[in-house]
Amino acid sequence: MKIAFYETADWEAKHITEKLPGHELVFSAERFSDDKLPIDAEVLSMFVGSPVTPKVLEAMPSLKFVATRTTGFDHLNLEALKAKNIPASNVPTYGQNTVAELAFALILTLARKMYPAIKRVREEGLFSFDGLRGFDIAGKTLGVVGTGHIGEYVIKIAKGFGMNVVAYDPFPKEELAKELGFTYASLEDMVGQADITTIHVPYMPATHHMINKDNIDKFKKGSILINTSRGGLVETDALVYGLRNGILGGYGADVLEEEGMLIDELKMLVDGHPNEQQLKTVLADHELMKMENVIITPHIGAQTSEAIRRILDTTVDNIKNFIDGKPSNVIVVK
């Protein structure tokens, strides 16, 4: 088959070529649009910067399948694809372990006071552990908000550290709980038990400010909160209140509420953060940045070489499966 890949780097083209022998592969680092149409091909693969519109489809009469290398698919006109009976696939999961590992990096950084310890040695030239006593996470209780792909991996890691786990999910998976050895509780009961709470749910109207002024007092005194999901899940004013009043002993985040709603963080792998300059100004005056028990990273959750390769490999598998008559990860038009 003739397969066209857009928005690809040289190393990505090499990786894909090794995985798809025997096909006519065309690669371009460029994006396509209604003003810069793609070449005709039987299979089309792109990133979020190339919208598949009716005009694009008209320019590709041979097209049989679309394989987007993203989780979100707002850039695909699904109705137009459906009208032409052209299926499309996406990459629904690519970084469950990647984000889970980052969550634990934040946990350990706070538990062992790594940031002030490194800063003391590097910037102050002092080799002293005064004031740097942390705590073990073995034997502690981890509260996991959301037991989807990432939350499940977090629980597995926690068990490796010898932690107890209690979780909250509006749709409990009792078989998973039995298999991994954790229990479910209400959100308020969970945060009241947890020494560390970590959030792994999508951002949507129902989860906006799920941690807020009404429930921040329910947290176990001195516990740590971790957020590697979306900033809007936690009300910033409530967070600052909790930290100032000793309700929370620390906060580790890879996201900020001021980021706004990011539909697909894979877009940042191409374009960078859409609000980078705006956030630079926000950070300069952000109350959280003045607190020593707060660490914030710049939305690096998906930023590993392995995660990006998984995106490519899933896309290749989607294409192979379509060719074999067994399409995978097909986007359903509702």
# chains A, B, ... in the order shown; residues from 1 in each chain; ligands from 1
>>> select_by_dssp(residues="segment 74-273 of chain A", states="strand (DSSP E)", output="number ranges by chain")
A: 88-89, 141-145, 164-168, 183-184, 196-199, 223-227, 248-253
>>> closest_residue(among="A:Tyr6, A:Tyr203, A:Phe129, A:Phe219", to="Ser33 of chain A", atoms="only C-alpha atoms")
A:Tyr6
>>> closest_residue(among="A:Pro298, A:Pro92, A:Gly250, A:Gly139", to="Thr71 of chain A", atoms="only C-alpha atoms")
A:Pro92
>>> closest_residue(among="A:Ala167, A:Ala177, A:Met46, A:Ala29", to="Thr141 of chain A", atoms="only C-alpha atoms")
A:Ala167
>>> residues_around(residues="Thr228 of chain A", least_positions_apart="3", cutoff="9 Å", atoms="only C-alpha atoms", output="number ranges by chain")
A: 99-100, 102-103, 198-200, 231, 252-255, 299, 301
>>> closest_residue(among="A:Thr68, A:Thr93, A:Ser223, A:Ser229", to="Ile319 of chain A", atoms="only C-alpha atoms")
A:Thr68
>>> closest_residue(among="A:Glu257, A:Asp189, A:Asp195, A:Asp313", to="Leu233 of chain A", atoms="only C-alpha atoms")
A:Glu257
>>> select_by_dssp(residues="segment 96-227 of chain A", states="alpha helix (DSSP H)", output="PDB file with N, CA and C atoms, in the first residue's frame")
ATOM      1  N   GLN A  96       1.009   5.242  30.230  1.00  0.00           N
ATOM      2  CA  GLN A  96       0.515   4.970  31.572  1.00  0.00           C
ATOM      3  C   GLN A  96       1.654   4.802  32.566  1.00  0.00           C
ATOM      4  N   ASN A  97       2.683   4.052  32.194  1.00  0.00           N
ATOM      5  CA  ASN A  97       3.824   3.912  33.101  1.00  0.00           C
ATOM      6  C   ASN A  97       4.635   5.200  33.152  1.00  0.00           C
ATOM      7  N   THR A  98       4.677   5.939  32.033  1.00  0.00           N
ATOM      8  CA  THR A  98       5.462   7.172  31.961  1.00  0.00           C
ATOM      9  C   THR A  98       4.965   8.197  32.969  1.00  0.00           C
ATOM     10  N   VAL A  99       3.663   8.420  32.987  1.00  0.00           N
ATOM     11  CA  VAL A  99       3.082   9.396  33.918  1.00  0.00           C
ATOM     12  C   VAL A  99       3.133   8.867  35.348  1.00  0.00           C
ATOM     13  N   ALA A 100       2.912   7.565  35.509  1.00  0.00           N
ATOM     14  CA  ALA A 100       2.970   6.971  36.848  1.00  0.00           C
ATOM     15  C   ALA A 100       4.366   7.120  37.450  1.00  0.00           C
ATOM     16  N   GLU A 101       5.383   6.917  36.635  1.00  0.00           N
ATOM     17  CA  GLU A 101       6.761   7.068  37.122  1.00  0.00           C
ATOM     18  C   GLU A 101       7.039   8.510  37.530  1.00  0.00           C
ATOM     19  N   LEU A 102       6.516   9.468  36.765  1.00  0.00           N
ATOM     20  CA  LEU A 102       6.705  10.876  37.122  1.00  0.00           C
ATOM     21  C   LEU A 102       6.020  11.186  38.445  1.00  0.00           C
ATOM     22  N   ALA A 103       4.832  10.620  38.651  1.00  0.00           N
ATOM     23  CA  ALA A 103       4.132  10.835  39.922  1.00  0.00           C
ATOM     24  C   ALA A 103       5.002  10.384  41.090  1.00  0.00           C
ATOM     25  N   PHE A 104       5.652   9.246  40.938  1.00  0.00           N
ATOM     26  CA  PHE A 104       6.514   8.767  42.019  1.00  0.00           C
ATOM     27  C   PHE A 104       7.804   9.563  42.131  1.00  0.00           C
ATOM     28  N   ALA A 105       8.273  10.116  41.023  1.00  0.00           N
ATOM     29  CA  ALA A 105       9.423  11.012  41.102  1.00  0.00           C
ATOM     30  C   ALA A 105       9.088  12.217  41.975  1.00  0.00           C
ATOM     31  N   LEU A 106       7.881  12.757  41.804  1.00  0.00           N
ATOM     32  CA  LEU A 106       7.437  13.891  42.617  1.00  0.00           C
ATOM     33  C   LEU A 106       7.248  13.474  44.072  1.00  0.00           C
ATOM     34  N   ILE A 107       6.664  12.290  44.275  1.00  0.00           N
ATOM     35  CA  ILE A 107       6.467  11.790  45.641  1.00  0.00           C
ATOM     36  C   ILE A 107       7.798  11.671  46.372  1.00  0.00           C
ATOM     37  N   LEU A 108       8.764  11.035  45.736  1.00  0.00           N
ATOM     38  CA  LEU A 108      10.058  10.809  46.380  1.00  0.00           C
ATOM     39  C   LEU A 108      10.829  12.108  46.575  1.00  0.00           C
ATOM     40  N   THR A 109      10.674  13.027  45.634  1.00  0.00           N
ATOM     41  CA  THR A 109      11.346  14.325  45.771  1.00  0.00           C
ATOM     42  C   THR A 109      10.858  15.059  47.011  1.00  0.00           C
ATOM     43  N   LEU A 110       9.544  14.986  47.263  1.00  0.00           N
ATOM     44  CA  LEU A 110       8.991  15.646  48.447  1.00  0.00           C
ATOM     45  C   LEU A 110       9.277  14.858  49.719  1.00  0.00           C
ATOM     46  N   ALA A 111       9.118  13.535  49.653  1.00  0.00           N
ATOM     47  CA  ALA A 111       9.309  12.712  50.854  1.00  0.00           C
ATOM     48  C   ALA A 111      10.733  12.803  51.382  1.00  0.00           C
ATOM     49  N   MET A 114      14.421  16.248  48.364  1.00  0.00           N
ATOM     50  CA  MET A 114      15.497  16.224  47.392  1.00  0.00           C
ATOM     51  C   MET A 114      15.837  17.602  46.841  1.00  0.00           C
ATOM     52  N   TYR A 115      14.804  18.401  46.558  1.00  0.00           N
ATOM     53  CA  TYR A 115      15.078  19.706  45.948  1.00  0.00           C
ATOM     54  C   TYR A 115      15.908  20.605  46.865  1.00  0.00           C
ATOM     55  N   PRO A 116      15.501  20.809  48.127  1.00  0.00           N
ATOM     56  CA  PRO A 116      16.352  21.641  48.991  1.00  0.00           C
ATOM     57  C   PRO A 116      17.713  21.013  49.268  1.00  0.00           C
ATOM     58  N   ALA A 117      17.780  19.673  49.279  1.00  0.00           N
ATOM     59  CA  ALA A 117      19.066  19.017  49.518  1.00  0.00           C
ATOM     60  C   ALA A 117      20.040  19.280  48.373  1.00  0.00           C
ATOM     61  N   ILE A 118      19.564  19.122  47.142  1.00  0.00           N
ATOM     62  CA  ILE A 118      20.418  19.372  45.975  1.00  0.00           C
ATOM     63  C   ILE A 118      20.788  20.844  45.892  1.00  0.00           C
ATOM     64  N   LYS A 119      19.810  21.704  46.156  1.00  0.00           N
ATOM     65  CA  LYS A 119      20.063  23.143  46.117  1.00  0.00           C
ATOM     66  C   LYS A 119      21.111  23.549  47.143  1.00  0.00           C
ATOM     67  N   ARG A 120      21.062  22.936  48.324  1.00  0.00           N
ATOM     68  CA  ARG A 120      22.022  23.270  49.376  1.00  0.00           C
ATOM     69  C   ARG A 120      23.451  22.944  48.952  1.00  0.00           C
ATOM     70  N   VAL A 121      23.624  21.779  48.369  1.00  0.00           N
ATOM     71  CA  VAL A 121      24.973  21.372  47.957  1.00  0.00           C
ATOM     72  C   VAL A 121      25.439  22.173  46.752  1.00  0.00           C
ATOM     73  N   ARG A 122      24.585  22.306  45.757  1.00  0.00           N
ATOM     74  CA  ARG A 122      25.002  22.937  44.494  1.00  0.00           C
ATOM     75  C   ARG A 122      25.129  24.450  44.615  1.00  0.00           C
ATOM     76  N   GLU A 123      24.143  25.098  45.241  1.00  0.00           N
ATOM     77  CA  GLU A 123      24.114  26.553  45.245  1.00  0.00           C
ATOM     78  C   GLU A 123      24.762  27.171  46.484  1.00  0.00           C
ATOM     79  N   GLU A 124      24.683  26.455  47.618  1.00  0.00           N
ATOM     80  CA  GLU A 124      25.229  27.013  48.851  1.00  0.00           C
ATOM     81  C   GLU A 124      26.561  26.392  49.232  1.00  0.00           C
ATOM     82  N   HIS A 149      -5.933   3.492  33.319  1.00  0.00           N
ATOM     83  CA  HIS A 149      -4.644   2.946  32.895  1.00  0.00           C
ATOM     84  C   HIS A 149      -3.492   3.451  33.761  1.00  0.00           C
ATOM     85  N   ILE A 150      -3.442   4.775  33.982  1.00  0.00           N
ATOM     86  CA  ILE A 150      -2.339   5.349  34.754  1.00  0.00           C
ATOM     87  C   ILE A 150      -2.486   5.003  36.230  1.00  0.00           C
ATOM     88  N   GLY A 151      -3.702   5.156  36.761  1.00  0.00           N
ATOM     89  CA  GLY A 151      -3.927   4.848  38.172  1.00  0.00           C
ATOM     90  C   GLY A 151      -3.582   3.415  38.506  1.00  0.00           C
ATOM     91  N   GLU A 152      -3.912   2.504  37.618  1.00  0.00           N
ATOM     92  CA  GLU A 152      -3.577   1.094  37.839  1.00  0.00           C
ATOM     93  C   GLU A 152      -2.062   0.907  37.937  1.00  0.00           C
ATOM     94  N   TYR A 153      -1.339   1.577  37.054  1.00  0.00           N
ATOM     95  CA  TYR A 153       0.128   1.443  37.084  1.00  0.00           C
ATOM     96  C   TYR A 153       0.708   2.059  38.344  1.00  0.00           C
ATOM     97  N   VAL A 154       0.117   3.169  38.787  1.00  0.00           N
ATOM     98  CA  VAL A 154       0.548   3.794  40.039  1.00  0.00           C
ATOM     99  C   VAL A 154       0.400   2.819  41.201  1.00  0.00           C
ATOM    100  N   ILE A 155      -0.713   2.117  41.228  1.00  0.00           N
ATOM    101  CA  ILE A 155      -0.956   1.158  42.309  1.00  0.00           C
ATOM    102  C   ILE A 155       0.085   0.042  42.286  1.00  0.00           C
ATOM    103  N   LYS A 156       0.414  -0.436  41.107  1.00  0.00           N
ATOM    104  CA  LYS A 156       1.430  -1.483  40.992  1.00  0.00           C
ATOM    105  C   LYS A 156       2.783  -1.006  41.524  1.00  0.00           C
ATOM    106  N   ILE A 157       3.154   0.216  41.180  1.00  0.00           N
ATOM    107  CA  ILE A 157       4.419   0.764  41.686  1.00  0.00           C
ATOM    108  C   ILE A 157       4.365   0.906  43.199  1.00  0.00           C
ATOM    109  N   ALA A 158       3.243   1.412  43.709  1.00  0.00           N
ATOM    110  CA  ALA A 158       3.083   1.611  45.150  1.00  0.00           C
ATOM    111  C   ALA A 158       3.256   0.304  45.907  1.00  0.00           C
ATOM    112  N   LYS A 159       2.693  -0.762  45.346  1.00  0.00           N
ATOM    113  CA  LYS A 159       2.820  -2.064  45.995  1.00  0.00           C
ATOM    114  C   LYS A 159       4.290  -2.506  46.028  1.00  0.00           C
ATOM    115  N   GLY A 160       5.036  -2.158  45.001  1.00  0.00           N
ATOM    116  CA  GLY A 160       6.459  -2.462  44.981  1.00  0.00           C
ATOM    117  C   GLY A 160       7.231  -1.741  46.066  1.00  0.00           C
ATOM    118  N   GLU A 174     -13.793  -3.775  41.019  1.00  0.00           N
ATOM    119  CA  GLU A 174     -13.599  -4.657  42.165  1.00  0.00           C
ATOM    120  C   GLU A 174     -12.644  -5.819  41.865  1.00  0.00           C
ATOM    121  N   GLU A 175     -12.681  -6.310  40.631  1.00  0.00           N
ATOM    122  CA  GLU A 175     -11.754  -7.389  40.272  1.00  0.00           C
ATOM    123  C   GLU A 175     -10.313  -6.901  40.312  1.00  0.00           C
ATOM    124  N   LEU A 176     -10.090  -5.678  39.845  1.00  0.00           N
ATOM    125  CA  LEU A 176      -8.743  -5.091  39.886  1.00  0.00           C
ATOM    126  C   LEU A 176      -8.296  -4.892  41.327  1.00  0.00           C
ATOM    127  N   ALA A 177      -9.220  -4.422  42.166  1.00  0.00           N
ATOM    128  CA  ALA A 177      -8.905  -4.219  43.578  1.00  0.00           C
ATOM    129  C   ALA A 177      -8.490  -5.519  44.245  1.00  0.00           C
ATOM    130  N   LYS A 178      -9.205  -6.580  43.915  1.00  0.00           N
ATOM    131  CA  LYS A 178      -8.877  -7.888  44.479  1.00  0.00           C
ATOM    132  C   LYS A 178      -7.534  -8.377  43.971  1.00  0.00           C
ATOM    133  N   GLU A 179      -7.286  -8.169  42.668  1.00  0.00           N
ATOM    134  CA  GLU A 179      -6.035  -8.636  42.057  1.00  0.00           C
ATOM    135  C   GLU A 179      -4.817  -7.909  42.617  1.00  0.00           C
ATOM    136  N   LEU A 180      -4.922  -6.584  42.773  1.00  0.00           N
ATOM    137  CA  LEU A 180      -3.769  -5.789  43.200  1.00  0.00           C
ATOM    138  C   LEU A 180      -3.721  -5.552  44.706  1.00  0.00           C
ATOM    139  N   LEU A 187     -14.279   9.737  48.125  1.00  0.00           N
ATOM    140  CA  LEU A 187     -13.166  10.678  48.005  1.00  0.00           C
ATOM    141  C   LEU A 187     -12.782  11.248  49.364  1.00  0.00           C
ATOM    142  N   GLU A 188     -13.766  11.653  50.161  1.00  0.00           N
ATOM    143  CA  GLU A 188     -13.470  12.245  51.469  1.00  0.00           C
ATOM    144  C   GLU A 188     -12.831  11.230  52.413  1.00  0.00           C
ATOM    145  N   ASP A 189     -13.332  10.006  52.417  1.00  0.00           N
ATOM    146  CA  ASP A 189     -12.733   8.976  53.270  1.00  0.00           C
ATOM    147  C   ASP A 189     -11.312   8.649  52.818  1.00  0.00           C
ATOM    148  N   MET A 190     -11.112   8.631  51.506  1.00  0.00           N
ATOM    149  CA  MET A 190      -9.794   8.297  50.985  1.00  0.00           C
ATOM    150  C   MET A 190      -8.756   9.331  51.377  1.00  0.00           C
ATOM    151  N   VAL A 191      -9.041  10.628  51.142  1.00  0.00           N
ATOM    152  CA  VAL A 191      -8.050  11.657  51.452  1.00  0.00           C
ATOM    153  C   VAL A 191      -7.829  11.765  52.960  1.00  0.00           C
ATOM    154  N   GLY A 192      -8.823  11.335  53.747  1.00  0.00           N
ATOM    155  CA  GLY A 192      -8.659  11.340  55.198  1.00  0.00           C
ATOM    156  C   GLY A 192      -7.723  10.260  55.690  1.00  0.00           C
ATOM    157  N   GLN A 193      -7.578   9.185  54.914  1.00  0.00           N
ATOM    158  CA  GLN A 193      -6.690   8.084  55.290  1.00  0.00           C
ATOM    159  C   GLN A 193      -5.288   8.220  54.702  1.00  0.00           C
TER     160      GLN A 193
END
>>> residues_around(residues="Val316 of chain A", least_positions_apart="6", cutoff="9 Å", atoms="only C-alpha atoms", output="NGL selection string")
:A and (16 or 19-20 or 67)
>>> closest_residue(among="A:Val48, A:Ala194, A:Ala83, A:Leu256", to="Val144 of chain A", atoms="only C-alpha atoms")
A:Ala194
>>> atom_distance(atom1="atom CA of Asn293 of chain A", atom2="atom CA of Ile211 of chain A")
18.5 Å
>>> residues_around(residues="segment 234-244 of chain A", least_positions_apart="4", cutoff="8 Å", atoms="only C-alpha atoms", output="short mmCIF file (atom, residue, chain, number, x, y, z; two decimals) with N, CA and C atoms, in the first residue's frame")
data_model
loop_
_atom_site.label_atom_id
_atom_site.label_comp_id
_atom_site.auth_asym_id
_atom_site.auth_seq_id
_atom_site.Cartn_x
_atom_site.Cartn_y
_atom_site.Cartn_z
N HIS A 208 -14.02 19.21 37.42
CA HIS A 208 -13.47 20.55 37.66
C HIS A 208 -13.45 20.84 39.16
N HIS A 209 -12.27 21.22 39.67
CA HIS A 209 -12.10 21.55 41.10
C HIS A 209 -12.61 20.43 42.00
N MET A 210 -12.30 19.19 41.65
CA MET A 210 -12.73 18.09 42.52
C MET A 210 -12.04 18.16 43.88
N ILE A 211 -10.88 18.78 43.93
CA ILE A 211 -10.25 19.15 45.20
C ILE A 211 -10.48 20.64 45.36
N ASN A 212 -11.20 21.02 46.42
CA ASN A 212 -11.67 22.40 46.52
C ASN A 212 -11.77 22.85 47.98
N LYS A 213 -12.29 24.05 48.17
CA LYS A 213 -12.40 24.63 49.52
C LYS A 213 -13.34 23.82 50.42
N ILE A 216 -10.92 20.37 51.18
CA ILE A 216 -9.49 20.40 51.50
C ILE A 216 -9.26 20.10 52.98
N ASP A 217 -10.20 20.47 53.84
CA ASP A 217 -10.06 20.19 55.27
C ASP A 217 -10.19 18.71 55.60
N LEU A 248 -2.02 20.35 54.28
CA LEU A 248 -1.14 19.64 53.37
C LEU A 248 0.32 19.89 53.76
N GLY A 249 1.11 18.82 53.73
CA GLY A 249 2.53 18.97 54.04
C GLY A 249 3.37 19.23 52.82
N GLY A 250 2.78 19.09 51.64
CA GLY A 250 3.53 19.33 50.41
C GLY A 250 2.65 19.12 49.20
N TYR A 251 3.10 19.66 48.08
CA TYR A 251 2.36 19.55 46.83
C TYR A 251 3.36 19.38 45.70
N GLU A 257 -3.29 25.18 37.15
CA GLU A 257 -4.66 25.52 36.78
C GLU A 257 -4.68 26.57 35.67
N GLU A 287 1.72 32.22 43.94
CA GLU A 287 1.87 32.01 45.37
C GLU A 287 2.55 30.67 45.67
N LEU A 288 2.25 29.65 44.87
CA LEU A 288 2.82 28.32 45.11
C LEU A 288 4.33 28.31 44.97
#
